[in-house]
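In what follows, a structure is listed as structure tokens, so that the remarks can point back to it.
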Amino acid sequence: MKAVVVTEFGGPEVLRWLDVPDRHAGPGQIRVRVHAATVNPSDAVVRRGEAAALFEGRLVPPLSPGNEAAGVVDEIGPDAETDLKLGDRVMAFVVPYMSSGGAYAQHLVLDPRQVALAPAGSSHAQAATIPSNGLTVQQAMDLLSPTAGDWMAVTGAAGAVGGYTIQLAKAAGLHVVADAAHADEELVRSLGADRIVARGPGVADRILDAVPGGVSSLMDGALLGREVLPAIRPGGQLVMGRRSDMPGVAPLGEHPNVTIHEVFVPEYVYEQGKLDALRLHAERGALTMRVAAEYPAARASEAHRRLEAGGVRGRLVLIL
């Protein structure tokens, strides 16, 4: 089979489309023939080697990045506990430091709990946008346990995680105030935001203007950290879209009036029920699968360059 492989840590040029040994489903496992895998910011962190020290030597080249994939079940190992069948169109959440390796590979051998049916009528590229980003937001919602009718703020609202946050918050009965650049206001409004404020410095003051007294919870997809704390009412909650020991995240420490949570989505790697619930949201139209562009896997380096240039709305997807 072929896979996109990081042969040494570095820039996008280190991504190679190579022949690698094939994999087969063993006892208790299933194999997915991958047709699409998304390109996420965490993939660039893996490619650059910035995550290697956090995982005690489990991310050592050669390796494949990638957290989410979609394709078709093509092998089911003996004693695999699953209702999935050969030929089923599926989506999967993958963690590169696990034995499966990352999602940028034509075959993935997985625990069945990592795999759920793809939304009916979705393309492989669309289905691939759900697992990692959707479970990240679901974990945030589980940490916050918001009450219907409360106000939630979302930063980075035009991005993939921010957009899913708006939509799952609305599905939970929340009111949402979201930040957006002028060019993204129509997109963010279409995702369900009740009020929109300009993104950038001073966003906490603008959220307070929109929701006097402050919001009950805030999903910080833009990783603004301390800058957004004043927008949260006393006793409210903040959830960071990435763990504080990850690159590019400033630790917040304790705060006397706000409970701070951190998302670490690999903790949800076996949460098949939650992944399947995201499928149902997508089938009802409550979750929008946004594909920004598709690239042949052999052009993975080009996709990574576009990602790191910024401004991508939705997800870039590799076609394998």
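How things are named: the first chain in the structure tokens is A, the next is B, and so on; residues count from 1 in each chain; ligands count from 1 in the order shown.
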
With only C-alpha atoms as the counted atoms, please give the residues lying no more than 7 Å from Val161 (chain A), apart from itself and same-chain residues fewer than 6 positions off, as an NGL selection string.
:A and (133 or 137 or 221)

Closest of A:His304, A:His175, A:Arg23, A:Lys2 to Trp151 (chain A), counting only C-alpha atoms, is A:His175

With only C-alpha atoms as the counted atoms, please give the residues lying no more than 12 Å from Tyr295 (chain A), apart from itself and same-chain residues fewer than 5 positions off, as a PyMOL selection string.
chain A and resi 35-39+125+300-306+315-320

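For the pair CA of Ala25 (chain A) and CA of Glu8 (chain A), the interatomic distance is 28.0 Å.
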
Among region 249-300 of chain A, which ones does DSSP assign to helix (DSSP H, G or I) (computed from the backbone)? Answer as a ChimeraX atom specification.
/A:265-268,272-283,297-300

Enumerate as a CSV table (one decimal) with C-alpha atoms, in the first residue's frame all residues of region 276-306 of chain A assigned to strand (DSSP E) by DSSP on the backbone, naming them with the chain letters and numbers the document uses.
chain,number,residue,atom,x,y,z
A,291,VAL,CA,-14.4,20.7,2.7
A,292,ALA,CA,-12.2,23.6,1.8
A,293,ALA,CA,-10.2,21.8,-0.9
A,294,GLU,CA,-9.2,18.3,-2.0
A,295,TYR,CA,-5.6,17.2,-2.8
A,296,PRO,CA,-4.2,13.9,-4.1

Could you list, as a compact mmCIF listing (two decimals) with all heavy atoms, in the first residue's frame, every residue within 8 Å of region 232-242 of chain A, counting only C-alpha atoms and ignoring same-chain residues fewer than 4 positions away?
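Output below, filename result-v2.txt:
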# COMPACT_ATOMS: atom_id res chain seq x y z
N THR A 136 -13.52 16.61 19.30
CA THR A 136 -12.92 17.70 20.08
C THR A 136 -14.02 18.58 20.67
O THR A 136 -14.01 18.91 21.87
CB THR A 136 -12.00 18.55 19.20
OG1 THR A 136 -10.88 17.76 18.80
CG2 THR A 136 -11.50 19.78 19.94
N ALA A 140 -15.41 19.07 24.57
CA ALA A 140 -15.56 20.38 25.18
C ALA A 140 -16.97 20.54 25.77
O ALA A 140 -17.13 21.03 26.90
CB ALA A 140 -15.31 21.48 24.15
N LEU A 143 -17.27 18.58 28.95
CA LEU A 143 -16.59 19.23 30.07
C LEU A 143 -17.39 20.40 30.62
O LEU A 143 -17.45 20.63 31.82
CB LEU A 143 -15.21 19.72 29.62
CG LEU A 143 -14.16 18.63 29.35
CD1 LEU A 143 -12.95 19.22 28.61
CD2 LEU A 143 -13.71 17.99 30.67
N LEU A 144 -18.01 21.15 29.72
CA LEU A 144 -18.76 22.34 30.12
C LEU A 144 -20.13 22.01 30.71
O LEU A 144 -20.61 22.71 31.60
CB LEU A 144 -18.95 23.28 28.93
CG LEU A 144 -17.68 23.93 28.37
CD1 LEU A 144 -17.98 24.61 27.05
CD2 LEU A 144 -17.09 24.91 29.37
N GLY A 213 -22.81 41.43 31.23
CA GLY A 213 -22.65 40.52 32.37
C GLY A 213 -21.77 39.33 32.07
O GLY A 213 -21.33 38.63 32.98
N GLY A 214 -21.53 39.07 30.79
CA GLY A 214 -20.63 37.99 30.41
C GLY A 214 -21.34 36.69 30.09
O GLY A 214 -22.50 36.48 30.43
N VAL A 215 -20.63 35.81 29.41
CA VAL A 215 -21.16 34.52 29.00
C VAL A 215 -20.93 33.48 30.09
O VAL A 215 -20.03 33.62 30.92
CB VAL A 215 -20.53 34.05 27.67
CG1 VAL A 215 -20.91 34.99 26.55
CG2 VAL A 215 -19.01 33.94 27.79
N SER A 216 -21.72 32.43 30.07
CA SER A 216 -21.57 31.34 31.04
C SER A 216 -20.39 30.44 30.68
O SER A 216 -19.76 29.86 31.56
CB SER A 216 -22.84 30.51 31.11
OG SER A 216 -23.92 31.28 31.57
N SER A 217 -20.12 30.31 29.37
CA SER A 217 -19.02 29.45 28.94
C SER A 217 -18.41 30.01 27.67
O SER A 217 -19.05 30.76 26.93
CB SER A 217 -19.50 28.02 28.72
OG SER A 217 -20.53 27.98 27.75
N LEU A 218 -17.15 29.65 27.44
CA LEU A 218 -16.45 30.13 26.25
C LEU A 218 -15.56 29.02 25.72
O LEU A 218 -14.77 28.44 26.47
CB LEU A 218 -15.62 31.37 26.60
CG LEU A 218 -15.01 32.14 25.42
CD1 LEU A 218 -14.88 33.62 25.77
CD2 LEU A 218 -13.65 31.59 25.01
N MET A 219 -15.71 28.72 24.45
CA MET A 219 -14.85 27.78 23.75
C MET A 219 -13.79 28.59 23.02
O MET A 219 -14.09 29.32 22.07
CB MET A 219 -15.65 26.94 22.77
CG MET A 219 -14.80 26.06 21.84
SD MET A 219 -13.76 24.87 22.72
CE MET A 219 -13.26 23.80 21.36
N ASP A 220 -12.53 28.44 23.45
CA ASP A 220 -11.45 29.27 22.91
C ASP A 220 -10.74 28.53 21.79
O ASP A 220 -9.62 28.05 21.94
CB ASP A 220 -10.48 29.63 24.04
CG ASP A 220 -9.45 30.66 23.62
OD1 ASP A 220 -9.64 31.31 22.57
OD2 ASP A 220 -8.44 30.82 24.34
N GLY A 221 -11.40 28.47 20.64
CA GLY A 221 -10.79 27.81 19.50
C GLY A 221 -9.61 28.56 18.93
O GLY A 221 -8.75 27.97 18.28
N ALA A 222 -9.55 29.88 19.17
CA ALA A 222 -8.45 30.70 18.67
C ALA A 222 -7.25 30.70 19.61
O ALA A 222 -6.23 31.32 19.32
CB ALA A 222 -8.92 32.12 18.44
N LEU A 223 -7.37 30.04 20.77
CA LEU A 223 -6.29 29.93 21.75
C LEU A 223 -5.81 31.31 22.21
O LEU A 223 -4.62 31.58 22.32
CB LEU A 223 -5.12 29.12 21.18
CG LEU A 223 -5.45 27.71 20.66
CD1 LEU A 223 -4.22 27.05 20.08
CD2 LEU A 223 -6.04 26.86 21.76
N GLY A 225 -6.56 32.54 25.22
CA GLY A 225 -6.17 32.41 26.62
C GLY A 225 -6.65 33.53 27.51
O GLY A 225 -7.84 33.89 27.53
N VAL A 228 -9.35 36.41 26.82
CA VAL A 228 -10.81 36.27 26.76
C VAL A 228 -11.45 36.06 28.13
O VAL A 228 -12.68 36.08 28.25
CB VAL A 228 -11.24 35.12 25.82
CG1 VAL A 228 -10.81 35.42 24.40
CG2 VAL A 228 -10.68 33.78 26.29
N MET A 246 0.81 21.69 24.76
CA MET A 246 1.03 21.58 23.33
C MET A 246 1.65 22.86 22.80
O MET A 246 1.49 23.93 23.38
CB MET A 246 -0.30 21.30 22.61
CG MET A 246 -0.93 19.97 22.96
SD MET A 246 0.06 18.55 22.45
CE MET A 246 -0.20 18.58 20.67
N VAL A 249 0.46 27.07 22.88
CA VAL A 249 -0.56 27.31 23.90
C VAL A 249 0.11 27.83 25.17
O VAL A 249 1.02 27.19 25.69
CB VAL A 249 -1.37 26.04 24.22
CG1 VAL A 249 -2.47 26.35 25.22
CG2 VAL A 249 -1.94 25.44 22.95
N ASN A 257 -12.20 33.08 39.46
CA ASN A 257 -13.63 33.20 39.15
C ASN A 257 -14.09 32.36 37.97
O ASN A 257 -15.28 32.37 37.65
CB ASN A 257 -13.96 34.68 38.86
CG ASN A 257 -13.71 35.56 40.06
OD1 ASN A 257 -14.08 35.21 41.18
ND2 ASN A 257 -13.06 36.70 39.83
N VAL A 258 -13.17 31.66 37.31
CA VAL A 258 -13.51 30.90 36.11
C VAL A 258 -12.91 29.50 36.21
O VAL A 258 -11.74 29.34 36.56
CB VAL A 258 -12.98 31.60 34.85
CG1 VAL A 258 -13.23 30.74 33.60
CG2 VAL A 258 -13.62 32.96 34.67
N THR A 259 -13.71 28.49 35.90
CA THR A 259 -13.20 27.11 35.82
C THR A 259 -12.63 26.90 34.42
O THR A 259 -13.30 27.17 33.43
CB THR A 259 -14.33 26.10 36.07
OG1 THR A 259 -14.87 26.33 37.38
CG2 THR A 259 -13.81 24.67 35.98
N ILE A 260 -11.38 26.43 34.38
CA ILE A 260 -10.69 26.26 33.10
C ILE A 260 -10.53 24.78 32.78
O ILE A 260 -10.04 24.01 33.61
CB ILE A 260 -9.31 26.96 33.14
CG1 ILE A 260 -9.51 28.46 33.36
CG2 ILE A 260 -8.54 26.71 31.84
CD1 ILE A 260 -8.22 29.22 33.62
N HIS A 261 -10.97 24.39 31.59
CA HIS A 261 -10.84 23.01 31.11
C HIS A 261 -9.92 22.99 29.89
O HIS A 261 -9.79 23.97 29.18
CB HIS A 261 -12.20 22.45 30.68
CG HIS A 261 -13.29 22.56 31.70
ND1 HIS A 261 -13.39 21.72 32.78
CD2 HIS A 261 -14.34 23.43 31.79
CE1 HIS A 261 -14.46 22.05 33.50
NE2 HIS A 261 -15.05 23.08 32.91
N GLU A 262 -9.31 21.84 29.66
CA GLU A 262 -8.49 21.65 28.47
C GLU A 262 -8.98 20.41 27.73
O GLU A 262 -9.24 19.37 28.33
CB GLU A 262 -7.01 21.46 28.83
CG GLU A 262 -6.39 22.68 29.48
CD GLU A 262 -4.94 22.45 29.86
OE1 GLU A 262 -4.45 21.30 29.69
OE2 GLU A 262 -4.29 23.39 30.34
N VAL A 263 -9.10 20.54 26.42
CA VAL A 263 -9.49 19.41 25.58
C VAL A 263 -8.25 18.60 25.22
O VAL A 263 -7.21 19.16 24.86
CB VAL A 263 -10.19 19.91 24.30
CG1 VAL A 263 -10.31 18.79 23.28
CG2 VAL A 263 -11.57 20.47 24.63
N PHE A 264 -8.36 17.28 25.33
CA PHE A 264 -7.33 16.37 24.82
C PHE A 264 -8.06 15.22 24.15
O PHE A 264 -8.41 14.23 24.76
CB PHE A 264 -6.42 15.88 25.94
CG PHE A 264 -5.26 15.05 25.43
CD1 PHE A 264 -4.37 15.56 24.51
CD2 PHE A 264 -5.07 13.75 25.89
CE1 PHE A 264 -3.30 14.81 24.04
CE2 PHE A 264 -4.00 12.99 25.43
CZ PHE A 264 -3.10 13.52 24.51

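CA of Arg189 (chain A) is positioned 29.2 Å from CA of Gly273 (chain A).
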
What's around Ala172 (chain A) at 9 Å? Count only C-alpha atoms, leave out sequence neighbours fewer than 2 positions away in its own chain, and write the answer as a VMD selection string.
chain A and resid 146 to 149 167 to 170 174
